[in-house]
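Shown below: upload_14.cif, with mmCIF, C-alpha atoms and all ligand atoms.
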data_my_file
#
loop_
_atom_site.label_atom_id
_atom_site.label_comp_id
_atom_site.auth_asym_id
_atom_site.auth_seq_id
_atom_site.Cartn_x
_atom_site.Cartn_y
_atom_site.Cartn_z
CA MET A 1 -79.74 38.00 88.25
CA SER A 2 -77.14 40.19 86.56
CA ASP A 3 -73.56 39.23 85.74
CA ALA A 4 -70.60 40.49 87.74
CA LEU A 5 -67.28 41.92 86.62
CA LEU A 6 -64.16 42.24 88.78
CA THR A 7 -61.34 44.71 88.09
CA LEU A 8 -57.81 44.28 89.45
CA ASN A 9 -55.36 47.17 89.45
CA ALA A 10 -52.09 45.93 90.95
CA GLY A 11 -49.02 48.06 91.59
CA SER A 12 -45.67 46.91 92.92
CA SER A 13 -46.91 46.88 96.50
CA SER A 14 -50.58 47.71 96.29
CA LEU A 15 -53.82 46.48 94.84
CA LYS A 16 -57.03 48.35 94.05
CA PHE A 17 -60.09 46.42 93.00
CA SER A 18 -63.77 46.91 92.30
CA LEU A 19 -66.74 44.63 91.75
CA PHE A 20 -69.29 45.80 89.19
CA THR A 21 -72.61 44.43 88.04
CA LEU A 22 -73.41 44.57 84.34
CA GLU A 23 -76.79 46.07 83.61
CA GLY A 24 -76.86 46.04 79.81
CA ASP A 25 -73.42 47.23 78.80
CA THR A 26 -72.98 49.78 81.62
CA PRO A 27 -70.93 48.62 84.59
CA ALA A 28 -72.35 49.68 87.97
CA ARG A 29 -69.89 49.60 90.87
CA GLN A 30 -71.05 47.65 93.94
CA PHE A 31 -67.85 47.21 95.96
CA LEU A 32 -64.39 48.72 96.01
CA GLY A 33 -61.31 47.95 98.02
CA ALA A 34 -57.56 48.12 98.36
CA PHE A 35 -54.43 46.59 99.80
CA ASP A 36 -51.41 48.79 100.51
CA ARG A 37 -48.30 46.99 101.75
CA GLY A 38 -46.68 50.29 102.80
CA ALA A 39 -49.58 51.61 104.87
CA ALA A 40 -51.26 48.41 106.16
CA PRO A 41 -49.49 45.18 105.14
CA ASP A 42 -51.83 42.89 107.09
CA ARG A 43 -55.17 43.73 105.56
CA VAL A 44 -57.28 44.13 102.48
CA THR A 45 -60.01 46.69 103.04
CA ILE A 46 -63.30 46.58 101.23
CA ARG A 47 -66.55 48.47 101.31
CA ALA A 48 -69.85 48.49 99.51
CA VAL A 49 -70.47 51.74 97.64
CA ASP A 50 -71.65 54.14 100.37
CA GLY A 51 -71.24 51.36 102.96
CA GLU A 52 -69.02 50.66 105.94
CA GLU A 53 -65.41 49.60 105.45
CA ARG A 54 -64.40 46.10 106.59
CA GLN A 55 -61.41 43.80 106.26
CA LEU A 56 -60.74 40.60 104.35
CA PRO A 57 -58.46 38.03 106.00
CA MET A 58 -55.01 37.53 104.45
CA ALA A 59 -53.02 34.29 104.66
CA GLU A 60 -49.61 35.96 104.60
CA THR A 61 -48.93 39.51 105.80
CA GLY A 62 -47.43 41.77 103.17
CA ALA A 63 -47.77 39.32 100.27
CA LEU A 64 -49.47 40.66 97.16
CA SER A 65 -50.38 37.07 96.22
CA SER A 66 -52.31 36.77 99.51
CA ALA A 67 -54.10 40.03 98.75
CA PHE A 68 -55.14 38.68 95.33
CA ALA A 69 -56.26 35.41 96.97
CA ALA A 70 -58.29 37.28 99.61
CA VAL A 71 -60.11 39.32 96.95
CA LEU A 72 -60.75 36.32 94.70
CA ASP A 73 -62.00 34.18 97.63
CA TRP A 74 -64.33 36.93 98.74
CA CYS A 75 -65.57 37.38 95.20
CA GLU A 76 -66.28 33.66 94.79
CA GLY A 77 -68.33 33.72 97.99
CA GLU A 78 -70.15 36.94 97.09
CA GLN A 79 -72.94 35.37 95.05
CA ARG A 80 -75.64 37.98 95.36
CA PHE A 81 -74.44 39.91 92.29
CA GLY A 82 -74.33 36.87 90.03
CA ASP A 83 -71.45 35.00 88.42
CA VAL A 84 -68.17 36.72 87.70
CA VAL A 85 -68.20 36.57 83.90
CA ALA A 86 -65.10 38.71 83.37
CA VAL A 87 -62.02 39.99 85.16
CA GLY A 88 -60.44 43.19 83.83
CA HIS A 89 -56.75 43.73 84.61
CA ARG A 90 -54.63 46.83 84.49
CA ILE A 91 -51.48 45.82 82.60
CA VAL A 92 -48.82 48.48 82.72
CA HIS A 93 -47.02 47.63 79.49
CA GLY A 94 -48.51 46.69 76.15
CA GLY A 95 -45.30 47.22 74.21
CA LEU A 96 -45.45 48.11 70.53
CA ASP A 97 -48.23 45.70 69.64
CA HIS A 98 -51.03 46.42 72.08
CA SER A 99 -52.76 49.73 71.61
CA ALA A 100 -56.21 48.53 72.72
CA PRO A 101 -57.67 46.28 75.44
CA ILE A 102 -57.47 42.60 74.59
CA VAL A 103 -58.74 39.20 75.77
CA LEU A 104 -55.88 37.53 77.63
CA THR A 105 -55.31 34.22 75.88
CA GLU A 106 -52.32 32.00 76.62
CA THR A 107 -50.48 33.47 73.60
CA VAL A 108 -51.14 37.08 74.64
CA ILE A 109 -50.04 36.36 78.22
CA ASP A 110 -46.77 34.82 76.96
CA ASP A 111 -46.27 37.87 74.78
CA LEU A 112 -46.84 40.24 77.72
CA ALA A 113 -44.44 38.30 79.93
CA LYS A 114 -41.71 39.11 77.40
CA LEU A 115 -42.25 42.80 78.24
CA GLU A 116 -41.37 42.27 81.93
CA PRO A 117 -37.86 43.76 81.50
CA LEU A 118 -39.54 47.00 80.32
CA ALA A 119 -41.58 47.36 83.53
CA PRO A 120 -39.90 45.11 86.11
CA LEU A 121 -41.71 46.60 89.11
CA HIS A 122 -45.21 46.31 87.67
CA GLN A 123 -45.63 43.85 84.80
CA PRO A 124 -44.77 40.68 86.81
CA HIS A 125 -47.32 41.65 89.50
CA ASN A 126 -49.97 42.42 86.88
CA LEU A 127 -49.44 39.01 85.30
CA ALA A 128 -49.38 37.24 88.67
CA GLY A 129 -52.88 38.68 89.22
CA VAL A 130 -53.95 37.35 85.82
CA ALA A 131 -52.69 33.85 86.69
CA GLN A 132 -54.50 33.81 90.06
CA ALA A 133 -57.73 35.17 88.56
CA ARG A 134 -57.67 32.55 85.77
CA ALA A 135 -57.26 29.81 88.36
CA ALA A 136 -60.09 31.19 90.52
CA PHE A 137 -62.49 31.94 87.64
CA PRO A 138 -61.52 29.59 84.79
CA ARG A 139 -64.73 30.29 82.83
CA ALA A 140 -64.51 34.09 83.08
CA THR A 141 -63.10 36.21 80.25
CA GLN A 142 -59.82 37.81 81.34
CA VAL A 143 -59.17 41.19 79.73
CA GLY A 144 -55.95 43.22 79.75
CA CYS A 145 -56.13 47.05 79.65
CA PHE A 146 -52.83 48.78 79.01
CA ASP A 147 -51.39 51.91 80.59
CA THR A 148 -49.25 52.52 77.51
CA ALA A 149 -52.08 52.14 74.96
CA PHE A 150 -53.43 55.69 75.26
CA HIS A 151 -50.05 57.12 74.23
CA ARG A 152 -49.51 55.12 71.05
CA THR A 153 -50.70 58.24 69.18
CA HIS A 154 -47.48 60.12 70.07
CA PRO A 155 -45.84 61.67 67.00
CA PHE A 156 -42.37 60.30 66.23
CA VAL A 157 -40.53 63.19 67.89
CA ASN A 158 -42.28 62.43 71.16
CA ASP A 159 -41.85 58.68 70.77
CA THR A 160 -38.11 58.49 70.21
CA PHE A 161 -34.78 59.08 71.93
CA ALA A 162 -31.73 60.42 70.09
CA LEU A 163 -30.10 56.99 69.98
CA PRO A 164 -29.13 54.97 66.88
CA HIS A 165 -32.32 53.97 65.07
CA ARG A 166 -31.89 50.26 65.80
CA PHE A 167 -32.84 50.91 69.44
CA TYR A 168 -36.10 52.55 68.32
CA GLU A 169 -36.83 49.48 66.20
CA GLU A 170 -36.08 47.27 69.20
CA GLY A 171 -38.73 49.14 71.20
CA VAL A 172 -36.66 51.66 73.15
CA ARG A 173 -39.31 54.38 72.95
CA ARG A 174 -41.20 56.92 75.02
CA TYR A 175 -44.23 54.79 75.84
CA GLY A 176 -45.80 56.95 78.52
CA PHE A 177 -47.95 55.51 81.32
CA HIS A 178 -51.06 56.37 83.42
CA GLY A 179 -53.01 55.91 80.15
CA LEU A 180 -56.14 54.50 81.80
CA SER A 181 -56.31 57.55 84.04
CA TYR A 182 -55.86 59.97 81.12
CA ASP A 183 -58.48 58.10 79.13
CA TYR A 184 -60.99 58.32 81.99
CA VAL A 185 -60.28 61.98 82.82
CA SER A 186 -60.32 63.21 79.22
CA GLY A 187 -63.57 61.28 78.69
CA ALA A 188 -65.09 63.18 81.62
CA LEU A 189 -64.38 66.60 80.06
CA ASP A 190 -66.90 68.70 78.25
CA PRO A 191 -66.73 67.46 74.60
CA ASP A 192 -65.74 70.90 73.21
CA LEU A 193 -62.93 71.21 75.71
CA ARG A 194 -61.74 67.66 75.06
CA GLU A 195 -61.25 68.53 71.39
CA GLY A 196 -59.01 71.46 72.36
CA ARG A 197 -55.50 71.83 73.81
CA VAL A 198 -55.43 70.13 77.18
CA VAL A 199 -52.77 69.23 79.73
CA ILE A 200 -53.70 66.66 82.39
CA ALA A 201 -51.49 66.43 85.47
CA HIS A 202 -51.89 63.05 87.18
CA LEU A 203 -50.23 63.77 90.52
CA GLY A 204 -50.22 60.82 92.91
CA ASN A 205 -47.47 58.68 94.35
CA GLY A 206 -46.67 58.05 90.71
CA ALA A 207 -46.91 61.34 88.80
CA SER A 208 -46.95 62.30 85.15
CA MET A 209 -48.45 64.83 82.76
CA CYS A 210 -50.04 64.30 79.38
CA ALA A 211 -50.55 66.79 76.53
CA LEU A 212 -53.71 66.15 74.52
CA LYS A 213 -54.83 67.63 71.23
CA GLY A 214 -58.16 66.64 69.69
CA GLY A 215 -58.60 64.15 72.53
CA GLN A 216 -55.40 62.26 71.65
CA SER A 217 -52.15 62.04 73.58
CA VAL A 218 -49.36 63.92 71.79
CA GLY A 219 -46.87 63.83 74.64
CA SER A 220 -46.22 62.45 78.10
CA THR A 221 -43.62 63.24 80.74
CA MET A 222 -43.08 59.51 81.38
CA GLY A 223 -40.99 57.73 78.82
CA PHE A 224 -39.44 54.31 78.35
CA SER A 225 -40.02 53.56 82.01
CA ALA A 226 -42.26 55.00 84.70
CA LEU A 227 -39.20 56.80 86.11
CA ASP A 228 -38.96 59.75 83.74
CA GLY A 229 -40.50 63.21 83.95
CA LEU A 230 -41.83 64.58 87.24
CA PRO A 231 -40.29 63.68 90.61
CA MET A 232 -42.67 61.28 92.38
CA GLY A 233 -43.22 59.84 95.85
CA THR A 234 -40.04 57.76 95.73
CA ARG A 235 -38.99 57.98 92.04
CA CYS A 236 -36.49 60.53 90.79
CA GLY A 237 -38.18 61.72 87.59
CA GLN A 238 -36.00 63.26 84.87
CA ILE A 239 -32.30 62.79 85.54
CA ASP A 240 -29.15 63.44 83.53
CA PRO A 241 -27.94 60.01 82.30
CA GLY A 242 -24.46 61.22 83.21
CA VAL A 243 -25.45 60.85 86.86
CA LEU A 244 -26.00 57.12 86.30
CA LEU A 245 -22.57 56.77 84.71
CA TYR A 246 -21.08 58.62 87.67
CA LEU A 247 -22.83 56.30 90.16
CA MET A 248 -21.51 53.27 88.31
CA GLN A 249 -17.97 54.54 87.89
CA THR A 250 -17.40 56.39 91.14
CA HIS A 251 -19.70 54.54 93.57
CA SER A 252 -19.38 51.12 91.86
CA MET A 253 -23.15 50.77 91.95
CA ASP A 254 -24.67 47.96 89.88
CA ALA A 255 -27.98 47.99 88.00
CA GLU A 256 -29.96 46.66 90.95
CA GLN A 257 -28.58 49.23 93.37
CA ILE A 258 -29.24 52.05 90.92
CA ALA A 259 -32.78 50.77 90.31
CA THR A 260 -33.44 50.72 94.08
CA LEU A 261 -32.08 54.27 94.41
CA LEU A 262 -34.09 55.68 91.50
CA TYR A 263 -37.38 53.84 92.11
CA LYS A 264 -37.56 53.61 95.89
CA GLU A 265 -35.24 56.07 97.60
CA SER A 266 -35.54 59.24 95.52
CA GLY A 267 -38.30 61.72 94.69
CA LEU A 268 -40.14 63.50 97.50
CA LYS A 269 -38.98 60.91 100.04
CA GLY A 270 -35.33 61.03 99.03
CA MET A 271 -35.17 64.82 98.78
CA SER A 272 -36.95 65.52 102.06
CA GLY A 273 -35.31 62.63 103.93
CA LEU A 274 -38.73 62.32 105.60
CA THR A 275 -41.60 60.79 103.66
CA ASN A 276 -43.27 60.45 100.28
CA ASP A 277 -46.60 61.53 101.79
CA MET A 278 -47.50 64.96 100.41
CA ARG A 279 -49.85 65.67 103.34
CA ALA A 280 -46.99 65.25 105.80
CA LEU A 281 -44.61 67.33 103.66
CA LEU A 282 -47.09 70.20 103.42
CA ALA A 283 -47.53 70.13 107.20
CA SER A 284 -43.79 69.94 107.91
CA GLU A 285 -41.61 72.86 109.05
CA ASP A 286 -38.46 71.09 107.84
CA PRO A 287 -36.61 73.08 105.15
CA ARG A 288 -35.92 69.84 103.23
CA ALA A 289 -39.67 69.22 102.98
CA LYS A 290 -40.07 72.68 101.46
CA GLU A 291 -37.24 72.00 99.00
CA ALA A 292 -38.88 68.76 97.88
CA ILE A 293 -42.23 70.51 97.34
CA ASP A 294 -40.55 73.42 95.53
CA TYR A 295 -38.78 71.01 93.16
CA PHE A 296 -42.00 69.03 92.55
CA VAL A 297 -43.88 72.21 91.67
CA PHE A 298 -41.01 73.60 89.57
CA ARG A 299 -40.90 70.49 87.39
CA ILE A 300 -44.68 70.53 86.87
CA ARG A 301 -44.52 74.19 85.83
CA ARG A 302 -41.60 73.55 83.50
CA GLU A 303 -43.42 70.68 81.80
CA LEU A 304 -46.60 72.76 81.60
CA GLY A 305 -44.70 75.48 79.77
CA GLY A 306 -43.15 72.99 77.36
CA MET A 307 -46.44 71.22 76.68
CA THR A 308 -48.23 74.52 76.13
CA ALA A 309 -45.62 75.41 73.50
CA VAL A 310 -46.02 72.02 71.78
CA LEU A 311 -49.83 72.38 71.81
CA GLY A 312 -49.67 75.97 70.51
CA GLY A 313 -51.59 77.29 73.54
CA LEU A 314 -53.71 75.92 76.33
CA ASP A 315 -57.48 75.58 76.77
CA ALA A 316 -57.52 73.53 79.96
CA LEU A 317 -55.25 72.36 82.74
CA VAL A 318 -56.70 69.38 84.59
CA PHE A 319 -55.53 68.09 87.97
CA THR A 320 -56.11 64.50 89.05
CA GLY A 321 -54.56 61.80 91.31
CA GLY A 322 -54.28 61.90 95.11
CA ILE A 323 -52.26 65.14 95.15
CA GLY A 324 -53.94 66.76 92.14
CA GLU A 325 -57.42 66.13 93.56
CA ASN A 326 -56.74 66.98 97.20
CA ALA A 327 -53.75 69.28 97.62
CA ALA A 328 -55.06 72.81 97.03
CA PRO A 329 -51.70 74.44 97.97
CA ILE A 330 -49.93 72.44 95.24
CA ARG A 331 -52.51 73.46 92.62
CA PHE A 332 -52.11 77.07 93.75
CA LYS A 333 -48.30 76.97 93.47
CA VAL A 334 -48.47 75.32 90.03
CA CYS A 335 -50.84 77.98 88.68
CA GLU A 336 -49.17 80.96 90.37
CA GLY A 337 -47.67 83.37 87.83
CA PHE A 338 -49.29 81.77 84.78
CA GLU A 339 -51.43 84.89 84.28
CA TRP A 340 -49.34 85.71 81.17
CA LEU A 341 -51.05 82.67 79.63
CA GLY A 342 -54.48 84.01 80.54
CA LEU A 343 -54.81 81.49 83.36
CA SER A 344 -56.60 82.80 86.41
CA LEU A 345 -57.25 80.55 89.41
CA ASP A 346 -60.29 81.15 91.60
CA GLU A 347 -58.50 80.94 94.94
CA GLY A 348 -61.70 80.40 96.93
CA ALA A 349 -62.94 77.58 94.71
CA ASN A 350 -59.46 76.03 94.68
CA ALA A 351 -59.21 76.06 98.48
CA GLU A 352 -62.62 74.47 99.02
CA TRP A 353 -62.36 70.66 99.35
CA ARG A 354 -64.86 68.68 97.31
CA SER A 355 -64.85 65.15 95.99
CA ASP A 356 -66.54 65.81 92.65
CA ALA A 357 -65.25 67.17 89.33
CA ARG A 358 -65.08 70.96 89.40
CA ASP A 359 -63.80 74.12 87.70
CA VAL A 360 -61.46 76.12 89.95
CA SER A 361 -60.67 78.96 87.52
CA THR A 362 -62.33 82.36 87.42
CA ALA A 363 -65.13 83.01 84.93
CA SER A 364 -62.80 85.32 82.96
CA SER A 365 -59.88 82.87 82.78
CA ASP A 366 -58.85 81.98 79.20
CA VAL A 367 -57.60 78.64 80.49
CA ARG A 368 -60.05 76.41 82.37
CA VAL A 369 -58.45 74.90 85.48
CA LEU A 370 -60.27 71.72 86.44
CA VAL A 371 -60.07 69.10 89.16
CA VAL A 372 -61.36 65.73 87.93
CA PRO A 373 -61.17 62.66 90.20
CA THR A 374 -59.72 59.76 88.25
CA ASP A 375 -61.20 56.25 88.18
CA GLU A 376 -58.92 53.71 86.51
CA GLU A 377 -61.07 50.78 87.67
CA MET A 378 -64.13 52.27 85.98
CA MET A 379 -62.12 52.60 82.76
CA ILE A 380 -61.03 48.95 83.02
CA ALA A 381 -64.65 47.91 83.67
CA ARG A 382 -65.92 49.85 80.65
CA TYR A 383 -63.31 48.35 78.35
CA THR A 384 -63.88 44.85 79.69
CA SER A 385 -67.62 45.14 79.34
CA ALA A 386 -67.24 46.49 75.79
CA LEU A 387 -65.08 43.51 74.84
CA LEU A 388 -67.70 41.13 76.30
CA GLN A 389 -70.30 42.62 73.95
P1 LIG A 401 -51.00 56.22 93.80
O1 LIG A 401 -50.08 56.72 92.71
O2 LIG A 401 -50.31 55.27 94.75
O3 LIG A 401 -52.35 55.75 93.30
P2 LIG A 401 -52.52 58.40 94.97
O4 LIG A 401 -53.10 58.90 93.69
O5 LIG A 401 -53.43 57.73 95.93
O6 LIG A 401 -51.23 57.50 94.72
O7 LIG A 401 -51.83 59.68 95.68
C1 LIG A 401 -51.13 59.56 96.87
C2 LIG A 401 -50.60 60.94 97.25
O8 LIG A 401 -51.69 61.86 97.42
C3 LIG A 401 -49.80 60.94 98.55
O9 LIG A 401 -48.64 61.74 98.41
C4 LIG A 401 -50.77 61.62 99.51
O10 LIG A 401 -50.09 62.29 100.55
C5 LIG A 401 -51.44 62.62 98.59
N1 LIG A 401 -52.66 63.14 99.18
C6 LIG A 401 -53.82 62.50 99.44
N2 LIG A 401 -54.69 63.32 100.06
C7 LIG A 401 -54.07 64.51 100.22
C8 LIG A 401 -54.42 65.78 100.79
N3 LIG A 401 -55.61 65.98 101.33
N4 LIG A 401 -53.52 66.78 100.74
C9 LIG A 401 -52.31 66.60 100.20
N5 LIG A 401 -51.91 65.44 99.64
C10 LIG A 401 -52.77 64.41 99.65
#
Structure translated into structure tokens:
Amino acid sequence: MSDALLTLNAGSSSLKFSLFTLEGDTPARQFLGAFDRGAAPDRVTIRAVDGEERQLPMAETGALSSAFAAVLDWCEGEQRFGDVVAVGHRIVHGGLDHSAPIVLTETVIDDLAKLEPLAPLHQPHNLAGVAQARAAFPRATQVGCFDTAFHRTHPFVNDTFALPHRFYEEGVRRYGFHGLSYDYVSGALDPDLREGRVVIAHLGNGASMCALKGGQSVGSTMGFSALDGLPMGTRCGQIDPGVLLYLMQTHSMDAEQIATLLYKESGLKGMSGLTNDMRALLASEDPRAKEAIDYFVFRIRRELGGMTAVLGGLDALVFTGGIGENAAPIRFKVCEGFEWLGLSLDEGANAEWRSDARDVSTASSDVRVLVVPTDEEMMIARYTSALLQ
């Protein structure tokens, strides 16, 4: 019987997980599932690869800890794939010290807990999952894979803010996030293209872009926190810090109120006054929905222009994430008018929905436009399995 490997990818109100078997050193996915407090707070869904979806019972509706418990209980009972020898965790923040996946010992976990103020909406949930998985599988190797790690190659100018240097030393830097996704997507590119000048747009509920040269991250739109850069489902993206001073001074808002505004009430949802769901916004006749989409697209195009300048040209633009993979009208609007760069979208190929990786540019386009489905859990599984070797 083979060994099994579980991956946990916890957000602030959601959990994605997969169960893999280890044949040699290649993880093979057997099950995948998710919990989403926003969409369905009372259930964890799970399905075998190519199988029917079913639900796992949860002790407490809406509680992420109950979702973890449901997954771990199911996994303990699911013996046909062998013992769970490792659990791979997505950990949002690795700080300055962690630029590669690592076995989560007591010391490392304590160290990562100190980074909670840097990612208050994610890091505590990631570490709560680690604690529950250690209790459920005390003999399994627990591995942490960091969202920030992929960006530790940023040059200084893309790693710093124009603050007194002591803040840089303290760790106030542009860390960048979505690293596991960028790692997976860049790894899926044709090797020649990967070595070139590439921009990947990870457009989901959380959204960011990454500029890559020679396969390494040289810039990201996200910075110190996962708030910066593009507007997102409910996050504001880039904002003038003067606005925050104004909110404090004129509206007497404290840090918690500002955090709630910027993380949960802004972005596509805040602008439209409707929803953070891009499908619903694209279908809406409401002028505010159009404004939100226009702003989203404008910021992507602006960042694309800036990143192209930093890279000294562009060989490929890659779309991924729920919006990047599925929303053809958004890809069209982003690419529209970039002909001056030699970018030419194949409108037919772009409009056709497919679930696999594909090229949606014309044969004569100087810039390849690609859609590559991301798979952060697969990346976690690969790293975890490599560390087990
Ligand atoms: P998360 O950051 O939570 O992982 P996802 O990558 O799953 O988010 O992306 C969620 C977003 O993708 C939502 O805005 C959703 O509306 C959008 N999306 C999913 N499918 C489509 C579609 N067919 N057309 C437009 N938008 C879509």
* **10 Å contact set for range 302-310 of chain A, all atoms listed in the file, chain neighbours under 2 positions out, as a PyMOL selection string** => chain A and resi 197-201+208-213+218-221+229-230+297-300+312-315+317+334-335+338+341
* **Long-range neighbours of range 95-102 of chain A as a PyMOL selection string, 10 Å cut-off, all atoms listed in the file, 3 positions minimum in chain** => chain A and resi 88-92+105+108+111-112+114-116+118+142-153+169-173+175+380+383-384+386-387
* Return as an MDAnalysis selection string every polymer residue, whether protein, DNA or RNA, with at least one atom no more than 6 Å from an atom of ligand LIG 401 (chain A); count only C-alpha atoms and all ligand atoms. => chainID A and resid 204:206 276:279 321:323 326:327
Would you compute, for all listed atoms of range 247-260 of chain A, the axis-aligned bounding box grown by 5 Å on each side, and then report its centre and edge lengths in Å rounded to one decimal, as JSON?
{"center_x": -25.4, "center_y": 51.5, "center_z": 91.0, "size_x": 26.0, "size_y": 19.7, "size_z": 16.2}
* Structure fact -> Using all atoms listed in the file, the best pick from A:Ala255, A:Leu345, A:Leu127, A:Met58 as closest to Leu104 in chain A would be A:Leu127
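Note that the spacing between CA of Leu343 in chain A and CA of Thr320 in chain A amounts to 18.0 Å.
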* To do: Go ahead and compute the interatomic distance for CA of Gly324 in chain A and CA of Asp359 in chain A, in Å to one decimal.
  => 13.1 Å
* **Contacts of Asp366 in chain A at 10 Å (only C-alpha atoms; same-chain gap of 2+ positions) as a PyMOL selection string** => chain A and resi 314-316+339+341-344+361-364+368-369
* Asked: Mind pulling up the distance from CA of Gln132 in chain A to CA of Leu72 in chain A?
  -> 8.2 Å
* Given all atoms listed in the file as the counted atoms, nearest of A:Ala63, A:Asp25, A:Pro117, A:Gly270 to Arg43 in chain A ->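 Among the listed residues, the smallest separation from Arg43 in chain A belongs to A:Ala63.
Using all atoms listed in the file, the nearest neighbour of Cys75 in chain A within the list A:Leu6, A:His122, A:Val44, A:Arg134 is A:Leu6.
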* Skipping near chain neighbours, those fewer than 3 positions away, what residues fall within 8 Å of range 282-288 of chain A using only C-alpha atoms, listed as a ChimeraX atom specification? -> /A:271-273,278-279,291-293
* To do: Check the smallest atom-to-atom distance from each of A:Pro373, A:Thr61, A:Leu227, A:Trp74 to Ala119 in chain A using all atoms listed in the file, then report the winner.
  => A:Leu227
* Asked: Pick from A:Ala131, A:Ala48, A:Leu261, A:Leu268: nearest to Pro231 in chain A, with all atoms listed in the file counted?
  ->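 Checking each of A:Ala131, A:Ala48, A:Leu261, A:Leu268 against Pro231 in chain A, counting all atoms listed in the file, the winner is A:Leu268.
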* **Nearest candidate to Leu19 in chain A (options A:Val372, A:Ala381, A:Val318, A:Ile239; using all atoms listed in the file)** =>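 Checking each of A:Val372, A:Ala381, A:Val318, A:Ile239 against Leu19 in chain A, counting all atoms listed in the file, the winner is A:Ala381.
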* List the residues sitting within 10 Å of (-54.2, 40.3, 106.5) in the file's frame, using only C-alpha atoms, as a PyMOL selection string. => chain A and resi 35+40-45+55-63+66-67+70
* Long-range neighbours of Asp228 in chain A as a list in words, 6 Å cut-off, all atoms listed in the file, 4 positions minimum in chain -> Met222, Gly223, Gly237 and Gln238 of chain A
Keeping C-alpha atoms, export the residues of the selection given above as a PDB file, in the coordinates of the input.
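Below is the file out-v2.pdb, written as the result:
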ATOM      1  CA  MET A 222     -43.080  59.510  81.380  1.00  0.00           C
ATOM      2  CA  GLY A 223     -40.990  57.730  78.820  1.00  0.00           C
ATOM      3  CA  GLY A 237     -38.180  61.720  87.590  1.00  0.00           C
ATOM      4  CA  GLN A 238     -36.000  63.260  84.870  1.00  0.00           C
TER       5      GLN A 238
END
Using the incomplete input, complete range 278-290 of chain A to the level of N, CA and C atoms; output as a PDB file, in the frame of the given file.
ATOM      1  N   MET A 278     -47.406  63.519 100.643  1.00  0.00           N
ATOM      2  CA  MET A 278     -47.500  64.960 100.410  1.00  0.00           C
ATOM      3  C   MET A 278     -48.186  65.692 101.566  1.00  0.00           C
ATOM      4  N   ARG A 279     -49.177  65.032 102.191  1.00  0.00           N
ATOM      5  CA  ARG A 279     -49.850  65.670 103.340  1.00  0.00           C
ATOM      6  C   ARG A 279     -48.848  66.007 104.432  1.00  0.00           C
ATOM      7  N   ALA A 280     -47.974  65.043 104.734  1.00  0.00           N
ATOM      8  CA  ALA A 280     -46.990  65.250 105.800  1.00  0.00           C
ATOM      9  C   ALA A 280     -45.971  66.312 105.377  1.00  0.00           C
ATOM     10  N   LEU A 281     -45.591  66.334 104.116  1.00  0.00           N
ATOM     11  CA  LEU A 281     -44.610  67.330 103.660  1.00  0.00           C
ATOM     12  C   LEU A 281     -45.195  68.733 103.747  1.00  0.00           C
ATOM     13  N   LEU A 282     -46.464  68.874 103.361  1.00  0.00           N
ATOM     14  CA  LEU A 282     -47.090  70.200 103.420  1.00  0.00           C
ATOM     15  C   LEU A 282     -47.214  70.689 104.857  1.00  0.00           C
ATOM     16  N   ALA A 283     -47.364  69.746 105.788  1.00  0.00           N
ATOM     17  CA  ALA A 283     -47.530  70.130 107.200  1.00  0.00           C
ATOM     18  C   ALA A 283     -46.190  70.336 107.896  1.00  0.00           C
ATOM     19  N   SER A 284     -45.083  69.924 107.238  1.00  0.00           N
ATOM     20  CA  SER A 284     -43.790  69.940 107.910  1.00  0.00           C
ATOM     21  C   SER A 284     -43.137  71.335 107.897  1.00  0.00           C
ATOM     22  N   GLU A 285     -42.371  71.605 108.952  1.00  0.00           N
ATOM     23  CA  GLU A 285     -41.610  72.860 109.050  1.00  0.00           C
ATOM     24  C   GLU A 285     -40.186  72.659 108.531  1.00  0.00           C
ATOM     25  N   ASP A 286     -39.832  71.421 108.236  1.00  0.00           N
ATOM     26  CA  ASP A 286     -38.460  71.090 107.840  1.00  0.00           C
ATOM     27  C   ASP A 286     -38.107  71.733 106.497  1.00  0.00           C
ATOM     28  N   PRO A 287     -36.972  72.431 106.419  1.00  0.00           N
ATOM     29  CA  PRO A 287     -36.610  73.080 105.150  1.00  0.00           C
ATOM     30  C   PRO A 287     -36.452  72.085 103.995  1.00  0.00           C
ATOM     31  N   ARG A 288     -36.057  70.853 104.291  1.00  0.00           N
ATOM     32  CA  ARG A 288     -35.920  69.840 103.230  1.00  0.00           C
ATOM     33  C   ARG A 288     -37.295  69.474 102.637  1.00  0.00           C
ATOM     34  N   ALA A 289     -38.313  69.501 103.472  1.00  0.00           N
ATOM     35  CA  ALA A 289     -39.670  69.220 102.980  1.00  0.00           C
ATOM     36  C   ALA A 289     -40.073  70.319 101.999  1.00  0.00           C
ATOM     37  N   LYS A 290     -39.732  71.548 102.342  1.00  0.00           N
ATOM     38  CA  LYS A 290     -40.070  72.680 101.460  1.00  0.00           C
ATOM     39  C   LYS A 290     -39.303  72.562 100.138  1.00  0.00           C
TER      40      LYS A 290
END
